[in-house]
There are 2 protein chains.
Amino acid sequence: MKISDIKVDTFRYRTKWFRDYEGHSCAGAERWTTNNMLTIRTDEGAEGYFFAGPSQGVVDSLIKPALLGQDPFFREKIWQRMRRMQKLTNSLPDMLIAHVDCALWDLAGRYLQIPVYKMIGAARTRIPAYASINAGDDIPGGLSSPEDYARFSEELVRDGFKAIKLHTWMSPLPGAPDVKRDVAACAAVREAVGPDITLMLDPHHHYDRIEALYLSREIEKLGFLWIEEPMNEYSMSSYVWLNGKLDMAVLGPENLEGSYQSRAEWVTSGACDMLRGGTGEVGGITPILKLIHLAQAFNLRMEVHGGGPHNMHVLCTMDNGWFYEWGLLHPMVERYRPFPWQKTLYDPIDAEGFVQVPERPGLGDDIDFDYVREHTIDEGAVGRGAPDVY
Amino acid sequence: MKISDIKVDTFRYRTKWFRDYEGHSCAGAERWTTNNMLTIRTDEGAEGYFFAGPSQGVVDSLIKPALLGQDPFFREKIWQRMRRMQKLTNSLPDMLIAHVDCALWDLAGRYLQIPVYKMIGAARTRIPAYASINAGDDIPGGLSSPEDYARFSEELVRDGFKAIKLHTWMSPLPGAPDVKRDVAACAAVREAVGPDITLMLDPHHHYDRIEALYLSREIEKLGFLWIEEPMNEYSMSSYVWLNGKLDMAVLGPENLEGSYQSRAEWVTSGACDMLRGGTGEVGGITPILKLIHLAQAFNLRMEVHGGGPHNMHVLCTMDNGWFYEWGLLHPMVERYRPFPWQKTLYDPIDAEGFVQVPERPGLGDDIDFDYVREHTIDEGAVGRGAPDVY
């Protein structure tokens with residue numbers, strides 16, 4: 001079986017999310033935006049899909065030359081080939097490789113009629129989830145104060161969550177960042193939800209060591225489980241320093257390029273007490289398995305960053321995983337609804353605060369292909385700067 | 001789908017191999033011996049097999065309680081369960097867990113009708129093989145002198161091999177070990193095969209540091225690729241010391257319990273320049289993948305110890321693997337023949353010195369079930385010490 005075509009369908013949908021210029025998600029008025037559906041197809045008609053994939057231009061210039069004619073089951077060969085291309089091709093980041101790799105796993109599972117987590121080797125089917133609260137803002141009734149976080153956290157506990165992570169106020173928001181305000185939000189949430197709810201913090205990512213240690217010590221007193229990324233992660237030494245001081249776990253790294261290799265340095269340097277890797281950030285399911293296995297070799301728990309089918313499946317293959325990240329969540333955006341291109345919600349939360357992996361083949365996304373087809377746009381429109389598209 | 005039965009068929013076959021009391025294979029007169037076929041079966045009739053599995057007694061007392069009623073695709077869960085049993089159950093070594101795990105992978109591949117290496121994610125289908133010459137002996141025309149090794153190596157090169165590993169003379173053989181004689185055998189082989197054949201050495205495993213360094217330096221001069229296990233591997237410090245001195249790679253560890261975790265310590269301590277793990281020694285395919293991934297995180301090549309379907313499949317998923325070990329080979333034992341319970345030879349060597357993974361589902365062993373059935377014996381006979389059985 002050979003890969004015969006790779007196609008990107010760019011389609012429109014309505015959203016209340018937008019991004020600030022540092023990349024943080026923000027809540028706002030409903031508007032049109034676009035997404036991409038990546039389809040990898042074989043000469044036998046097998047197909048695999050991934051959403052938020054690369055543009056057709058990137059696929060044509062970079063991905064097709066590496067993949068067309070290959071057996072789609074040669075995932076390791078294909079992944080290593082893409083990784084080697086990164087040396088001289090700056091436009092092929094780990095995140096983009098991830099989309100291709102995830103689509104190949106989806107294809108394999110659909111072809112064999114088995115969920116991906118069972119193909120890898122299953123460890124569990126249910127995962128405790130944590131509610132991942134969006135970064136702070138200045139919207140009244142949104143996330144503009146410690147009290148807003150406290151009130152919203154109470155709602156999330158009523159929804160079933162037993163664990164909550166705060167993102168606090170970050171630049172470029174005026175007045176942010178501010179470690180004292182971060183501490184006030186964390187204290188207000190602890191006060192609101194009581195001692196039995198697990199809490200974590202993901203603050204502004206550009207504090208210095210003094211600020212990071214102050215913040216860490218304060219939330220350590222509040223019984224937080226971890227702090228993540230209070231400083232730029234390219235300074236591993238800063239994390240070795242911080243992690244050496246704290247009992248509370250330092251979780252990281254999130255966005256570091258270099259996938260499992262740069263993260264192996266964090267492990268052996270003692271820069272984190274819980275290892276981190278999102279299937280997207282590290283380049284897909286193929287490399288995140290390497291990272292999970294690395295963590296297992298050193299008795300480290302690992303957090304899989306972000307939600308979605310790809311992260312859910314790998315979490316179900318791990319004995320050292322912990323939470324599924326459910327988010328981002330904001331008081332003014334409807335929760336627990338499928339995206340418009342999904343027929344059903346992938347990850348409903350149950351009364352015990354768990355999510356359950358779907359038993360559909362592949363990654364198990366319940367795709368509404370009619371929706372995608374009916375909303376597909378000329379991709380060129382994106383390039384021309386259509387005003388409703390970010 | 002649930003595991004409904006686990007069965008061991010003990011059967012007789014003829015062999016020219018026996019083992020000395022330290023466990024080394026030795027060539028001798030043809031005789032009867034036994035092997036076990038482990039069969040894991042599900043309520044849907046799916047089956048997976050592994051040869052050289054545990055006895056029915058071990059299966060009944062240890063394996064069945066852990067596996068019966070489990071979904072056979074929950075390999076990670078089952079493997080971690082068996083690993084945890086090791087803490088208090090001395091009779092469940094990594095090698096035995098490996099047999100169960102390999103049978104589960106075979107079952108999964110047979111059920112899905114796909115070779116195991118593609119289920120994991122393929123990297124290649126052909127692997128360079130090295131001829132693994134048996135340990136030395138005192139049999140005229142066998143492996144009793146440097147000249148015997150040289151002559152036999154020439155034959156192996158004619159057979160197609162581009163790489164050869166010597167096992168030299170080991171205790172309890174009278175006169176062994178002797179580092180000078182080891183060096184003489186290595187020099188004779190290098191002289192016989194010329195500079196273009198890759199050579200490696202696996203000598204006596206209980207030398208001290210002075211002997212190990214002398215031997216290493218001498219074969220380094222002969223252009224050997226690696227030395228493996230010249231000292232007891234539980235002294236990791238000895239290997240850190242040796243590896244720090246040599247340019248030639250130290251390969252290890254082979255038999256260390258603790259699977260990927262104890263091997264992670266070798267990696268971070270710099271005890272080896274090439275990591276080692278046999279699918280058998282580290283507890284199966286599930287954990288060797290963790291070890292392969294660990295090695296990849298640190299730019300280490302890894303040698304997969306031993307031949308057979310399970311090792312062949314994992315080698316085909318690695319970009320950092322090297323050779324397939326073909327052996328053991330001895331001048332007085334017929335080469336390149338299937339075992340009596342195999343219809344075809346699993347790993348024929350081609351003119352370029354490569355082996356090719358079979359495309360049959362699962363581990364792809366071409367099992368002669370009729371042979372097994374016709375030669376099955378009452379397992380109790382083994383326990384009673386039947387004289388032809390070791």
# chains A, B, ... in the order shown; residues from 1 in each chain; ligands from 1
$ interface_residues --of "chain A" --to "chain B" --cutoff "8 Å" --atoms "only C-alpha atoms" --output "PyMOL selection string"
chain A and resi 73-78+80+112+118-124+260-261+264+268+286+289-291+293-294+296-298+317-319
$ select_by_dssp --residues "region 30-178 of chain A" --states "strand (DSSP E or B)" --output "PyMOL selection string"
chain A and resi 30-42+47-51+115+126-133+163-167
$ write_last_selection --atoms "C-alpha atoms" --output "mmCIF file, in the first residue's frame"
data_model
loop_
_atom_site.group_PDB
_atom_site.id
_atom_site.type_symbol
_atom_site.label_atom_id
_atom_site.label_comp_id
_atom_site.auth_asym_id
_atom_site.auth_seq_id
_atom_site.Cartn_x
_atom_site.Cartn_y
_atom_site.Cartn_z
ATOM 1 C CA GLU A 30 -18.471 35.299 17.588
ATOM 2 C CA ARG A 31 -16.883 35.499 14.156
ATOM 3 C CA TRP A 32 -15.827 33.425 11.176
ATOM 4 C CA THR A 33 -12.468 31.717 11.153
ATOM 5 C CA THR A 34 -10.948 28.789 9.266
ATOM 6 C CA ASN A 35 -9.442 25.403 9.965
ATOM 7 C CA ASN A 36 -7.676 22.836 7.789
ATOM 8 C CA MET A 37 -8.544 19.171 7.383
ATOM 9 C CA LEU A 38 -5.473 17.176 6.368
ATOM 10 C CA THR A 39 -6.273 13.968 4.468
ATOM 11 C CA ILE A 40 -3.664 11.337 3.647
ATOM 12 C CA ARG A 41 -4.921 8.808 1.109
ATOM 13 C CA THR A 42 -3.482 5.570 -0.297
ATOM 14 C CA GLU A 47 -7.593 7.472 4.509
ATOM 15 C CA GLY A 48 -6.364 9.218 7.641
ATOM 16 C CA TYR A 49 -7.303 12.675 8.887
ATOM 17 C CA PHE A 50 -6.055 15.405 11.125
ATOM 18 C CA PHE A 51 -7.505 18.814 11.892
ATOM 19 C CA PRO A 115 -8.434 2.377 17.949
ATOM 20 C CA ARG A 126 -10.528 6.392 31.325
ATOM 21 C CA ILE A 127 -8.405 9.366 32.304
ATOM 22 C CA PRO A 128 -8.946 11.973 35.005
ATOM 23 C CA ALA A 129 -9.306 15.368 33.358
ATOM 24 C CA TYR A 130 -8.367 18.786 34.568
ATOM 25 C CA ALA A 131 -10.217 21.940 33.627
ATOM 26 C CA SER A 132 -7.753 24.256 31.949
ATOM 27 C CA ILE A 133 -8.937 27.836 32.531
ATOM 28 C CA ALA A 163 -8.689 19.263 39.127
ATOM 29 C CA ILE A 164 -8.276 22.769 37.748
ATOM 30 C CA LYS A 165 -5.382 24.620 36.148
ATOM 31 C CA LEU A 166 -5.250 28.398 36.044
ATOM 32 C CA HIS A 167 -3.611 30.414 33.347
#
$ atom_distance --atom1 "CA of Val355 (chain A)" --atom2 "CA of Gly252 (chain A)"
23.3 Å
$ closest_residue --among "B:Leu315, B:Leu251, B:Leu62, B:Ala212" --to "Asn90 (chain B)" --atoms "only C-alpha atoms"
B:Leu62
$ atom_distance --atom1 "CA of Ala98 (chain B)" --atom2 "CA of Ile367 (chain B)"
19.2 Å
$ closest_residue --among "B:Gly306, B:Val183, B:Met332, B:Tyr234" --to "Ala29 (chain B)" --atoms "only C-alpha atoms"
B:Met332
$ residues_around --residues "region 370-375 of chain A" --least-positions-apart "4" --cutoff "7 Å" --atoms "only C-alpha atoms" --output "ChimeraX atom specification"
/A:11-12,341
$ write_last_selection --atoms "N, CA and C atoms" --output "compact mmCIF listing (two decimals), in the first residue's frame"
# COMPACT_ATOMS: atom_id res chain seq x y z
N PHE A 11 -11.67 25.18 5.56
CA PHE A 11 -13.12 25.44 5.68
C PHE A 11 -13.38 26.49 6.77
N ARG A 12 -14.54 27.11 6.67
CA ARG A 12 -14.93 28.16 7.61
C ARG A 12 -15.77 27.60 8.74
N TRP A 341 -17.16 20.74 13.00
CA TRP A 341 -16.79 19.64 12.08
C TRP A 341 -16.83 18.27 12.76
$ closest_residue --among "A:Ile377, A:Cys186, A:Leu275, A:Val179" --to "Asp9 (chain A)" --atoms "only C-alpha atoms"
A:Ile377
$ residues_around --residues "region 203-206 of chain A" --least-positions-apart "5" --cutoff "6 Å" --atoms "only C-alpha atoms" --output "PyMOL selection string"
chain A and resi 167-168+170+229-232
$ write_last_selection --atoms "N, CA and C atoms" --output "PDB file, in the first residue's frame"
ATOM      1  N   HIS A 167      -4.549  29.533  34.035  1.00  0.00           N
ATOM      2  CA  HIS A 167      -3.611  30.414  33.347  1.00  0.00           C
ATOM      3  C   HIS A 167      -3.946  31.807  33.856  1.00  0.00           C
ATOM      4  N   THR A 168      -2.962  32.541  34.293  1.00  0.00           N
ATOM      5  CA  THR A 168      -3.267  33.871  34.847  1.00  0.00           C
ATOM      6  C   THR A 168      -3.013  34.948  33.795  1.00  0.00           C
ATOM      7  N   MET A 170      -1.342  37.525  31.357  1.00  0.00           N
ATOM      8  CA  MET A 170      -0.084  37.492  30.594  1.00  0.00           C
ATOM      9  C   MET A 170       0.005  38.715  29.694  1.00  0.00           C
ATOM     10  N   GLU A 229       6.165  26.518  33.403  1.00  0.00           N
ATOM     11  CA  GLU A 229       6.659  27.576  32.515  1.00  0.00           C
ATOM     12  C   GLU A 229       6.552  28.990  33.062  1.00  0.00           C
ATOM     13  N   PRO A 230       7.064  29.257  34.280  1.00  0.00           N
ATOM     14  CA  PRO A 230       7.073  30.647  34.744  1.00  0.00           C
ATOM     15  C   PRO A 230       8.213  31.453  34.129  1.00  0.00           C
ATOM     16  N   MET A 231       9.144  30.755  33.441  1.00  0.00           N
ATOM     17  CA  MET A 231      10.310  31.432  32.829  1.00  0.00           C
ATOM     18  C   MET A 231      10.488  30.872  31.420  1.00  0.00           C
ATOM     19  N   ASN A 232      11.263  31.582  30.617  1.00  0.00           N
ATOM     20  CA  ASN A 232      11.566  31.074  29.274  1.00  0.00           C
ATOM     21  C   ASN A 232      12.276  29.718  29.384  1.00  0.00           C
TER      22      ASN A 232
END
$ select_by_dssp --residues "region 95-324 of chain A" --states "helix (DSSP H, G or I)" --output "PyMOL selection string"
chain A and resi 95-112+116-120+146-159+179-193+209-221+236-245+259-269+285-297+309-315
$ residues_around --residues "Asp43 (chain A)" --least-positions-apart "3" --cutoff "12 Å" --atoms "only C-alpha atoms" --output "ChimeraX atom specification"
/A:1-6,40,46-47,68-72
$ decode --residues "region 219-263 of chain A" --atoms "N, CA and C atoms" --output "mmCIF file, in the first residue's frame"
data_model
loop_
_atom_site.group_PDB
_atom_site.id
_atom_site.type_symbol
_atom_site.label_atom_id
_atom_site.label_comp_id
_atom_site.auth_asym_id
_atom_site.auth_seq_id
_atom_site.Cartn_x
_atom_site.Cartn_y
_atom_site.Cartn_z
ATOM 1 N N ILE A 219 2.356 29.471 45.948
ATOM 2 C CA ILE A 219 1.345 28.472 45.570
ATOM 3 C C ILE A 219 1.689 27.098 46.147
ATOM 4 N N GLU A 220 2.959 26.894 46.470
ATOM 5 C CA GLU A 220 3.346 25.680 47.201
ATOM 6 C C GLU A 220 2.585 25.664 48.534
ATOM 7 N N LYS A 221 2.521 26.832 49.183
ATOM 8 C CA LYS A 221 1.786 26.921 50.459
ATOM 9 C C LYS A 221 0.298 26.652 50.252
ATOM 10 N N LEU A 222 -0.210 26.960 49.075
ATOM 11 C CA LEU A 222 -1.634 26.729 48.773
ATOM 12 C C LEU A 222 -1.894 25.288 48.325
ATOM 13 N N GLY A 223 -0.868 24.465 48.384
ATOM 14 C CA GLY A 223 -1.048 23.048 48.048
ATOM 15 C C GLY A 223 -1.226 22.786 46.559
ATOM 16 N N PHE A 224 -0.616 23.608 45.720
ATOM 17 C CA PHE A 224 -0.698 23.362 44.280
ATOM 18 C C PHE A 224 0.154 22.145 43.909
ATOM 19 N N LEU A 225 -0.279 21.448 42.850
ATOM 20 C CA LEU A 225 0.428 20.238 42.415
ATOM 21 C C LEU A 225 1.666 20.570 41.590
ATOM 22 N N TRP A 226 1.542 21.547 40.699
ATOM 23 C CA TRP A 226 2.707 21.902 39.883
ATOM 24 C C TRP A 226 2.648 23.355 39.461
ATOM 25 N N ILE A 227 3.827 23.865 39.096
ATOM 26 C CA ILE A 227 3.928 25.137 38.371
ATOM 27 C C ILE A 227 4.560 24.822 37.030
ATOM 28 N N GLU A 228 4.062 25.476 36.002
ATOM 29 C CA GLU A 228 4.643 25.232 34.681
ATOM 30 C C GLU A 228 5.034 26.537 34.022
ATOM 31 N N GLU A 229 6.165 26.518 33.403
ATOM 32 C CA GLU A 229 6.659 27.576 32.515
ATOM 33 C C GLU A 229 6.552 28.990 33.062
ATOM 34 N N PRO A 230 7.064 29.257 34.280
ATOM 35 C CA PRO A 230 7.073 30.647 34.744
ATOM 36 C C PRO A 230 8.213 31.453 34.129
ATOM 37 N N MET A 231 9.144 30.755 33.441
ATOM 38 C CA MET A 231 10.310 31.432 32.829
ATOM 39 C C MET A 231 10.488 30.872 31.420
ATOM 40 N N ASN A 232 11.263 31.582 30.617
ATOM 41 C CA ASN A 232 11.566 31.074 29.274
ATOM 42 C C ASN A 232 12.276 29.718 29.384
ATOM 43 N N GLU A 233 11.785 28.739 28.642
ATOM 44 C CA GLU A 233 12.267 27.364 28.807
ATOM 45 C C GLU A 233 13.592 27.097 28.097
ATOM 46 N N TYR A 234 14.040 28.031 27.280
ATOM 47 C CA TYR A 234 15.356 27.803 26.657
ATOM 48 C C TYR A 234 16.492 27.949 27.675
ATOM 49 N N SER A 235 16.188 28.561 28.810
ATOM 50 C CA SER A 235 17.172 28.599 29.905
ATOM 51 C C SER A 235 16.912 27.409 30.825
ATOM 52 N N MET A 236 17.424 26.260 30.445
ATOM 53 C CA MET A 236 17.229 25.060 31.256
ATOM 54 C C MET A 236 17.836 25.237 32.642
ATOM 55 N N SER A 237 18.946 25.966 32.704
ATOM 56 C CA SER A 237 19.611 26.188 34.001
ATOM 57 C C SER A 237 18.677 26.845 35.002
ATOM 58 N N SER A 238 17.823 27.730 34.535
ATOM 59 C CA SER A 238 16.877 28.399 35.442
ATOM 60 C C SER A 238 15.932 27.378 36.057
ATOM 61 N N TYR A 239 15.575 26.379 35.276
ATOM 62 C CA TYR A 239 14.655 25.357 35.781
ATOM 63 C C TYR A 239 15.359 24.361 36.708
ATOM 64 N N VAL A 240 16.613 24.066 36.424
ATOM 65 C CA VAL A 240 17.385 23.226 37.347
ATOM 66 C C VAL A 240 17.455 23.930 38.705
ATOM 67 N N TRP A 241 17.708 25.223 38.655
ATOM 68 C CA TRP A 241 17.788 26.045 39.875
ATOM 69 C C TRP A 241 16.457 26.039 40.619
ATOM 70 N N LEU A 242 15.360 26.306 39.915
ATOM 71 C CA LEU A 242 14.042 26.395 40.564
ATOM 72 C C LEU A 242 13.601 25.034 41.100
ATOM 73 N N ASN A 243 13.752 24.021 40.287
ATOM 74 C CA ASN A 243 13.293 22.679 40.675
ATOM 75 C C ASN A 243 14.076 22.154 41.874
ATOM 76 N N GLY A 244 15.336 22.553 41.969
ATOM 77 C CA GLY A 244 16.157 22.124 43.106
ATOM 78 C C GLY A 244 15.667 22.694 44.427
ATOM 79 N N LYS A 245 15.027 23.844 44.366
ATOM 80 C CA LYS A 245 14.572 24.495 45.593
ATOM 81 C C LYS A 245 13.216 23.990 46.074
ATOM 82 N N LEU A 246 12.360 23.617 45.134
ATOM 83 C CA LEU A 246 10.952 23.350 45.465
ATOM 84 C C LEU A 246 10.681 21.887 45.809
ATOM 85 N N ASP A 247 9.684 21.673 46.685
ATOM 86 C CA ASP A 247 9.086 20.345 46.820
ATOM 87 C C ASP A 247 7.996 20.171 45.764
ATOM 88 N N MET A 248 7.210 21.215 45.557
ATOM 89 C CA MET A 248 6.188 21.184 44.505
ATOM 90 C C MET A 248 6.860 20.893 43.160
ATOM 91 N N ALA A 249 6.162 20.141 42.340
ATOM 92 C CA ALA A 249 6.753 19.750 41.056
ATOM 93 C C ALA A 249 6.850 20.919 40.091
ATOM 94 N N VAL A 250 7.979 20.998 39.412
ATOM 95 C CA VAL A 250 8.082 21.846 38.225
ATOM 96 C C VAL A 250 7.747 20.966 37.030
ATOM 97 N N LEU A 251 6.827 21.444 36.207
ATOM 98 C CA LEU A 251 6.406 20.694 35.018
ATOM 99 C C LEU A 251 6.995 21.358 33.789
ATOM 100 N N GLY A 252 7.597 20.569 32.903
ATOM 101 C CA GLY A 252 8.109 21.165 31.679
ATOM 102 C C GLY A 252 8.890 20.168 30.856
ATOM 103 N N PRO A 253 9.346 20.554 29.694
ATOM 104 C CA PRO A 253 9.062 21.808 29.007
ATOM 105 C C PRO A 253 7.897 21.659 28.031
ATOM 106 N N GLU A 254 7.300 22.804 27.700
ATOM 107 C CA GLU A 254 6.127 22.743 26.819
ATOM 108 C C GLU A 254 6.478 22.917 25.345
ATOM 109 N N ASN A 255 7.177 23.985 25.037
ATOM 110 C CA ASN A 255 7.305 24.363 23.624
ATOM 111 C C ASN A 255 8.686 24.145 23.023
ATOM 112 N N LEU A 256 9.603 23.663 23.813
ATOM 113 C CA LEU A 256 10.968 23.467 23.348
ATOM 114 C C LEU A 256 11.008 22.681 22.028
ATOM 115 N N GLU A 257 11.717 23.206 21.047
ATOM 116 C CA GLU A 257 11.978 22.387 19.860
ATOM 117 C C GLU A 257 12.984 21.291 20.251
ATOM 118 N N GLY A 258 13.121 20.274 19.407
ATOM 119 C CA GLY A 258 14.070 19.209 19.717
ATOM 120 C C GLY A 258 13.415 17.972 20.296
ATOM 121 N N SER A 259 12.109 18.039 20.461
ATOM 122 C CA SER A 259 11.304 16.861 20.782
ATOM 123 C C SER A 259 11.860 16.061 21.958
ATOM 124 N N TYR A 260 12.018 14.767 21.792
ATOM 125 C CA TYR A 260 12.428 13.912 22.905
ATOM 126 C C TYR A 260 13.903 14.110 23.264
ATOM 127 N N GLN A 261 14.700 14.626 22.343
ATOM 128 C CA GLN A 261 16.120 14.790 22.668
ATOM 129 C C GLN A 261 16.346 15.974 23.603
ATOM 130 N N SER A 262 15.756 17.126 23.313
ATOM 131 C CA SER A 262 15.949 18.257 24.217
ATOM 132 C C SER A 262 15.292 17.961 25.568
ATOM 133 N N ARG A 263 14.209 17.219 25.569
ATOM 134 C CA ARG A 263 13.540 16.862 26.830
ATOM 135 C C ARG A 263 14.349 15.842 27.636
#
